[in-house]
Amino acid sequence: MAPGLAGYIVRRLLWAIPVLFAISVIVFYMLRLAPGDPVDSLLGQRYREEEAALIRKKYGYDQPIHVQYVKYMQHLLQGDLGVSTRHQSFTVSEIIIPKIWVSTRLGLLALAISFFLGISAGIYAALARGTFLDPLTISFWLAIDAVPIFVAVPFLQWLFAVKLDLVGLSWQGFTSPNIILPILILALPGTAGIARFVRASVLGVLREDYIRTARAKGLPERIVVVRHIARNALLPLITIIGLSLPGVAGGSLIVEQLFGIPGIGAESFEAVLAPDFDVILALVLFGSILFVLANILIDILYAVIDPRIRLGAQRG
């Protein structure tokens with residue numbers, strides 16, 4: 001790695017520290033000042049004030065907000081995310097990490113399928129410009145994208161599980177064929193947007209002089225498409241891929257609920273309703289870290305792929 005590029009990466013990582021610090025302060029204060037008492041999730045709606053006072057003292061809710069924040073950050077730097085007020089016998093890490101891992105694996109599989117289909121459809125539509133196949137391809141994926149999830153899920157369940165008897169409806173892990181439906185429902189809606197973006201990008205590249213030169217030299221169309229068109233047209237797609245990664249770990253509330261998937265989507269919803277402060281704060285900080293790291297990763301990939309950006313980083 002070039003020294004200039006390494007310094008650029010270090011600077012971006014250092015800038016991430018104050019950003020994450022500001023996010024932690026804002027979210028912590030907003031949660032503490034928001035309506036709702038965590039004591040209600042522990043003791044219910046009916047309790048004696050003496051019991052509530054003991055709970056507030058146990059979790060530090062009776063102390064000033066800035067004191068609570070300092071103590072939280074001290075524990076956070078030691079790897080302690082706190083204790084859930086809904087699941088008092090479990091730490092926040094024990095609750096959210098397994099569920100985040102489930103949602104992340106499911107989301108990555110769906111994201112890979114969505115980008116594969118979207119990139120293929122976009123390139124095909126761009127190369128078929130001027131024929132009926134171009135609008136037909138994009139319209140097909142737009143029609144799929146327009147179907148709401150709560151409509152698509154029952155139909156696909158009826159088709160694949162009841163009518164064709166290919167899969168079951170219960171969650172049995174990632175090795176079971178039952179995973180096909182959740183992945184399809186997560187992957188298909190995002191394909192249309194990717195296909196349209198790739199189509200526009202490919203059409204822009206097709207107008208470049210070096211594409212006409214490559215074809216004039218007699219290069220096979222497959223080589224022209226793969227080495228020249230796709231490579232240059234897909235460079236802007238790095239931004240979309242990078243910004244999609246943080247959402248992968250967030251899970252999908254509707255899909256996880258309908259298929260009984262033990263992901264983080266349902267846990268996040270229940271934590272907000274409770275409210276379960278430490279769980280909410282951990283999830284927000286986790287999402288913020290992923291978003292910041294995704295932006296840094298995008299810049300690094302651009303610098304690695306595009307020599308002009310790498311040269312600018314070395315001069316920067």
# chains A, B, ... in the order shown; residues from 1 in each chain; ligands from 1

$ residues_around --residues "segment 14-29 of chain A" --least-positions-apart "3" --cutoff "8 Å" --atoms "only C-alpha atoms" --output "count of residues only"
12

$ residues_around --residues "segment 194-203 of chain A" --least-positions-apart "6" --cutoff "6 Å" --atoms "only C-alpha atoms" --output "list in words"
Gly118, Ile119, Ala121, Gly122, Ile123, Ala126 and Ala233 of chain A

$ select_by_dssp --residues "segment 212-261 of chain A" --states "alpha helix (DSSP H)" --output "VMD selection string"
chain A and resid 212 to 216 221 to 223 231 to 233 237 to 248 253 to 259

$ write_last_selection --atoms "N, CA, C and O atoms" --output "compact mmCIF listing (two decimals), in the first residue's frame"
# COMPACT_ATOMS: atom_id res chain seq x y z
N ARG A 212 -15.73 2.37 -28.63
CA ARG A 212 -15.76 2.29 -30.09
C ARG A 212 -14.41 1.82 -30.63
O ARG A 212 -14.36 1.06 -31.61
N THR A 213 -13.33 2.26 -29.99
CA THR A 213 -12.00 1.83 -30.43
C THR A 213 -11.81 0.33 -30.22
O THR A 213 -11.27 -0.37 -31.09
N ALA A 214 -12.26 -0.17 -29.07
CA ALA A 214 -12.12 -1.60 -28.78
C ALA A 214 -12.89 -2.45 -29.78
O ALA A 214 -12.41 -3.50 -30.25
N ARG A 215 -14.09 -1.99 -30.14
CA ARG A 215 -14.86 -2.75 -31.12
C ARG A 215 -14.26 -2.62 -32.51
O ARG A 215 -14.30 -3.57 -33.31
N ALA A 216 -13.69 -1.45 -32.81
CA ALA A 216 -13.08 -1.27 -34.12
C ALA A 216 -11.85 -2.15 -34.30
O ALA A 216 -11.51 -2.54 -35.43
N GLU A 221 -17.09 -9.39 -28.60
CA GLU A 221 -18.05 -8.61 -27.81
C GLU A 221 -18.00 -8.98 -26.34
O GLU A 221 -18.17 -8.13 -25.46
N ARG A 222 -17.74 -10.26 -26.04
CA ARG A 222 -17.66 -10.67 -24.63
C ARG A 222 -16.51 -9.97 -23.92
O ARG A 222 -16.65 -9.53 -22.78
N ILE A 223 -15.37 -9.83 -24.60
CA ILE A 223 -14.22 -9.14 -24.01
C ILE A 223 -14.53 -7.67 -23.81
O ILE A 223 -14.19 -7.07 -22.78
N ARG A 231 -16.42 -3.20 -16.29
CA ARG A 231 -15.43 -2.74 -15.31
C ARG A 231 -15.58 -1.26 -15.02
O ARG A 231 -15.49 -0.83 -13.86
N ASN A 232 -15.80 -0.44 -16.03
CA ASN A 232 -15.92 1.00 -15.83
C ASN A 232 -17.32 1.41 -15.40
O ASN A 232 -17.49 2.36 -14.63
N ALA A 233 -18.33 0.69 -15.87
CA ALA A 233 -19.70 1.06 -15.52
C ALA A 233 -20.05 0.70 -14.09
O ALA A 233 -20.88 1.37 -13.47
N LEU A 237 -21.05 1.72 -8.68
CA LEU A 237 -21.89 0.81 -7.89
C LEU A 237 -21.26 0.52 -6.53
O LEU A 237 -21.95 0.04 -5.62
N ILE A 238 -19.98 0.81 -6.39
CA ILE A 238 -19.31 0.59 -5.10
C ILE A 238 -19.99 1.38 -3.99
O ILE A 238 -20.15 0.90 -2.86
N THR A 239 -20.42 2.59 -4.31
CA THR A 239 -21.10 3.42 -3.31
C THR A 239 -22.38 2.76 -2.82
O THR A 239 -22.66 2.72 -1.62
N ILE A 240 -23.18 2.25 -3.75
CA ILE A 240 -24.44 1.61 -3.38
C ILE A 240 -24.18 0.35 -2.55
O ILE A 240 -24.86 0.09 -1.55
N ILE A 241 -23.19 -0.43 -2.95
CA ILE A 241 -22.86 -1.65 -2.21
C ILE A 241 -22.42 -1.30 -0.79
O ILE A 241 -22.87 -1.91 0.19
N GLY A 242 -21.53 -0.31 -0.68
CA GLY A 242 -21.03 0.06 0.64
C GLY A 242 -22.12 0.59 1.55
O GLY A 242 -22.19 0.23 2.73
N LEU A 243 -23.00 1.43 1.02
CA LEU A 243 -24.08 1.99 1.85
C LEU A 243 -25.18 0.97 2.14
O LEU A 243 -26.00 1.20 3.03
N SER A 244 -25.20 -0.13 1.39
CA SER A 244 -26.19 -1.19 1.66
C SER A 244 -25.75 -2.10 2.80
O SER A 244 -26.60 -2.75 3.43
N LEU A 245 -24.45 -2.17 3.05
CA LEU A 245 -23.94 -3.11 4.05
C LEU A 245 -24.46 -2.83 5.47
O LEU A 245 -24.80 -3.77 6.19
N PRO A 246 -24.52 -1.55 5.93
CA PRO A 246 -25.03 -1.35 7.30
C PRO A 246 -26.45 -1.85 7.49
O PRO A 246 -26.80 -2.35 8.57
N GLY A 247 -27.28 -1.72 6.46
CA GLY A 247 -28.65 -2.18 6.58
C GLY A 247 -28.80 -3.68 6.62
O GLY A 247 -29.82 -4.20 7.08
N VAL A 248 -27.77 -4.39 6.16
CA VAL A 248 -27.81 -5.85 6.16
C VAL A 248 -27.94 -6.39 7.57
O VAL A 248 -28.68 -7.35 7.83
N LEU A 253 -37.99 -6.58 10.02
CA LEU A 253 -39.00 -6.90 11.02
C LEU A 253 -40.10 -7.78 10.44
O LEU A 253 -40.47 -8.81 11.02
N ILE A 254 -40.65 -7.40 9.27
CA ILE A 254 -41.78 -8.12 8.71
C ILE A 254 -41.39 -9.55 8.33
O ILE A 254 -42.08 -10.51 8.68
N VAL A 255 -40.28 -9.69 7.61
CA VAL A 255 -39.85 -11.02 7.16
C VAL A 255 -39.51 -11.91 8.35
O VAL A 255 -39.89 -13.10 8.38
N GLU A 256 -38.80 -11.38 9.31
CA GLU A 256 -38.42 -12.18 10.47
C GLU A 256 -39.63 -12.60 11.29
O GLU A 256 -39.68 -13.72 11.81
N GLN A 257 -40.61 -11.73 11.38
CA GLN A 257 -41.82 -12.08 12.13
C GLN A 257 -42.64 -13.13 11.40
O GLN A 257 -43.12 -14.09 12.01
N LEU A 258 -42.81 -12.97 10.09
CA LEU A 258 -43.66 -13.89 9.33
C LEU A 258 -43.05 -15.29 9.20
O LEU A 258 -43.77 -16.27 9.10
N PHE A 259 -41.73 -15.37 9.21
CA PHE A 259 -41.08 -16.67 9.05
C PHE A 259 -40.48 -17.19 10.36
O PHE A 259 -39.84 -18.25 10.35

$ residues_around --residues "segment 85-87 of chain A" --least-positions-apart "5" --cutoff "10 Å" --atoms "only C-alpha atoms" --output "list in words"
Pro38, Val39, Asp40, Ser41, Leu42, Leu43, Ile55, Tyr59, Val92, Ile95, Glu270, Ala271, Ala274, Pro275, Asp276, Phe277, Asp278 and Val279 of chain A

$ residues_around --residues "Val224 of chain A" --least-positions-apart "4" --cutoff "8 Å" --atoms "only C-alpha atoms" --output "ChimeraX atom specification"
/A:211,214-215,219-220,228-229

$ atom_distance --atom1 "atom CA of Ala110 of chain A" --atom2 "atom CA of Gly250 of chain A"
13.0 Å

$ closest_residue --among "A:Gly204, A:Gly193, A:Gly173, A:Pro35" --to "Leu127 of chain A" --atoms "only C-alpha atoms"
A:Gly204

$ residues_around --residues "Ser93 of chain A" --least-positions-apart "2" --cutoff "9 Å" --atoms "only C-alpha atoms" --output "PyMOL selection string"
chain A and resi 79-83+90-91+95-98+279+282

$ write_last_selection --atoms "all heavy atoms" --output "CSV table (one decimal), in the first residue's frame"
chain,number,residue,atom,x,y,z
A,79,GLY,N,-15.9,-3.3,26.8
A,79,GLY,CA,-16.6,-4.4,26.1
A,79,GLY,C,-17.9,-4.7,26.8
A,79,GLY,O,-18.5,-5.7,26.4
A,80,ASP,N,-18.4,-4.0,27.7
A,80,ASP,CA,-19.6,-4.2,28.4
A,80,ASP,C,-20.7,-3.3,27.9
A,80,ASP,O,-20.6,-2.1,28.0
A,80,ASP,CB,-19.4,-4.0,29.9
A,80,ASP,CG,-20.7,-4.3,30.7
A,80,ASP,OD1,-21.7,-4.8,30.1
A,80,ASP,OD2,-20.7,-4.0,31.9
A,81,LEU,N,-21.7,-3.9,27.2
A,81,LEU,CA,-22.8,-3.1,26.6
A,81,LEU,C,-23.9,-2.9,27.5
A,81,LEU,O,-24.9,-2.3,27.1
A,81,LEU,CB,-23.3,-3.8,25.3
A,81,LEU,CG,-22.2,-4.0,24.2
A,81,LEU,CD1,-22.8,-4.7,23.0
A,81,LEU,CD2,-21.7,-2.6,23.7
A,82,GLY,N,-23.8,-3.4,28.7
A,82,GLY,CA,-24.9,-3.2,29.7
A,82,GLY,C,-25.8,-4.4,29.9
A,82,GLY,O,-25.5,-5.5,29.3
A,83,VAL,N,-26.8,-4.3,30.6
A,83,VAL,CA,-27.8,-5.4,30.9
A,83,VAL,C,-29.1,-5.0,30.5
A,83,VAL,O,-29.6,-3.9,30.6
A,83,VAL,CB,-27.8,-5.7,32.4
A,83,VAL,CG1,-28.8,-6.8,32.7
A,83,VAL,CG2,-26.4,-6.0,32.9
A,90,PHE,N,-29.7,-11.7,31.3
A,90,PHE,CA,-28.8,-11.7,30.1
A,90,PHE,C,-28.2,-10.3,29.9
A,90,PHE,O,-28.9,-9.3,30.2
A,90,PHE,CB,-29.5,-12.1,28.9
A,90,PHE,CG,-30.0,-13.5,28.9
A,90,PHE,CD1,-31.3,-13.8,29.3
A,90,PHE,CD2,-29.2,-14.6,28.5
A,90,PHE,CE1,-31.8,-15.1,29.3
A,90,PHE,CE2,-29.7,-15.9,28.6
A,90,PHE,CZ,-31.0,-16.1,29.0
A,91,THR,N,-27.0,-10.3,29.5
A,91,THR,CA,-26.3,-9.0,29.1
A,91,THR,C,-26.8,-8.6,27.7
A,91,THR,O,-27.4,-9.5,26.9
A,91,THR,CB,-24.8,-9.1,29.1
A,91,THR,OG1,-24.4,-10.1,28.1
A,91,THR,CG2,-24.3,-9.6,30.5
A,95,ILE,N,-27.7,-11.0,24.1
A,95,ILE,CA,-29.0,-10.9,23.4
A,95,ILE,C,-28.9,-10.6,22.0
A,95,ILE,O,-29.4,-11.2,21.1
A,95,ILE,CB,-29.9,-9.9,24.2
A,95,ILE,CG1,-30.3,-10.3,25.6
A,95,ILE,CG2,-31.2,-9.6,23.3
A,95,ILE,CD1,-31.0,-9.3,26.4
A,96,ILE,N,-28.1,-9.5,21.7
A,96,ILE,CA,-28.1,-9.0,20.3
A,96,ILE,C,-27.1,-9.6,19.4
A,96,ILE,O,-27.4,-9.7,18.2
A,96,ILE,CB,-27.9,-7.5,20.3
A,96,ILE,CG1,-26.4,-7.1,20.8
A,96,ILE,CG2,-28.9,-6.8,21.2
A,96,ILE,CD1,-26.1,-5.6,20.6
A,97,ILE,N,-26.0,-10.1,19.9
A,97,ILE,CA,-24.9,-10.6,19.0
A,97,ILE,C,-25.4,-11.9,18.2
A,97,ILE,O,-25.3,-11.9,17.0
A,97,ILE,CB,-23.6,-10.9,19.7
A,97,ILE,CG1,-23.0,-9.6,20.2
A,97,ILE,CG2,-22.7,-11.8,18.9
A,97,ILE,CD1,-21.7,-9.8,21.0
A,98,PRO,N,-26.0,-12.9,18.8
A,98,PRO,CA,-26.5,-14.0,18.0
A,98,PRO,C,-27.6,-13.6,17.0
A,98,PRO,O,-27.6,-14.1,15.9
A,98,PRO,CB,-27.1,-15.0,19.1
A,98,PRO,CG,-26.4,-14.6,20.4
A,98,PRO,CD,-26.2,-13.1,20.3
A,279,VAL,N,-30.2,-1.9,25.2
A,279,VAL,CA,-30.3,-2.6,23.9
A,279,VAL,C,-30.4,-1.6,22.8
A,279,VAL,O,-29.8,-1.7,21.7
A,279,VAL,CB,-31.5,-3.6,24.0
A,279,VAL,CG1,-31.7,-4.2,22.6
A,279,VAL,CG2,-31.2,-4.7,25.0
A,282,ALA,N,-27.1,0.2,22.2
A,282,ALA,CA,-26.1,-0.7,21.6
A,282,ALA,C,-26.4,-0.9,20.1
A,282,ALA,O,-25.5,-0.9,19.3
A,282,ALA,CB,-26.1,-2.0,22.3

$ atom_distance --atom1 "atom CA of Ser114 of chain A" --atom2 "atom CA of Thr191 of chain A"
5.1 Å

$ residues_around --residues "Leu166 of chain A" --least-positions-apart "2" --cutoff "12 Å" --atoms "only C-alpha atoms" --output "count of residues only"
17

$ closest_residue --among "A:Met73, A:Leu184, A:Phe150, A:Ser170" --to "Ala112 of chain A" --atoms "only C-alpha atoms"
A:Leu184

$ closest_residue --among "A:Thr104, A:Ser268, A:Ser84, A:Thr137" --to "Leu117 of chain A" --atoms "only C-alpha atoms"
A:Thr137

$ closest_residue --among "A:Pro182, A:Leu188, A:Pro236, A:Ala266" --to "Val205 of chain A" --atoms "only C-alpha atoms"
A:Pro236
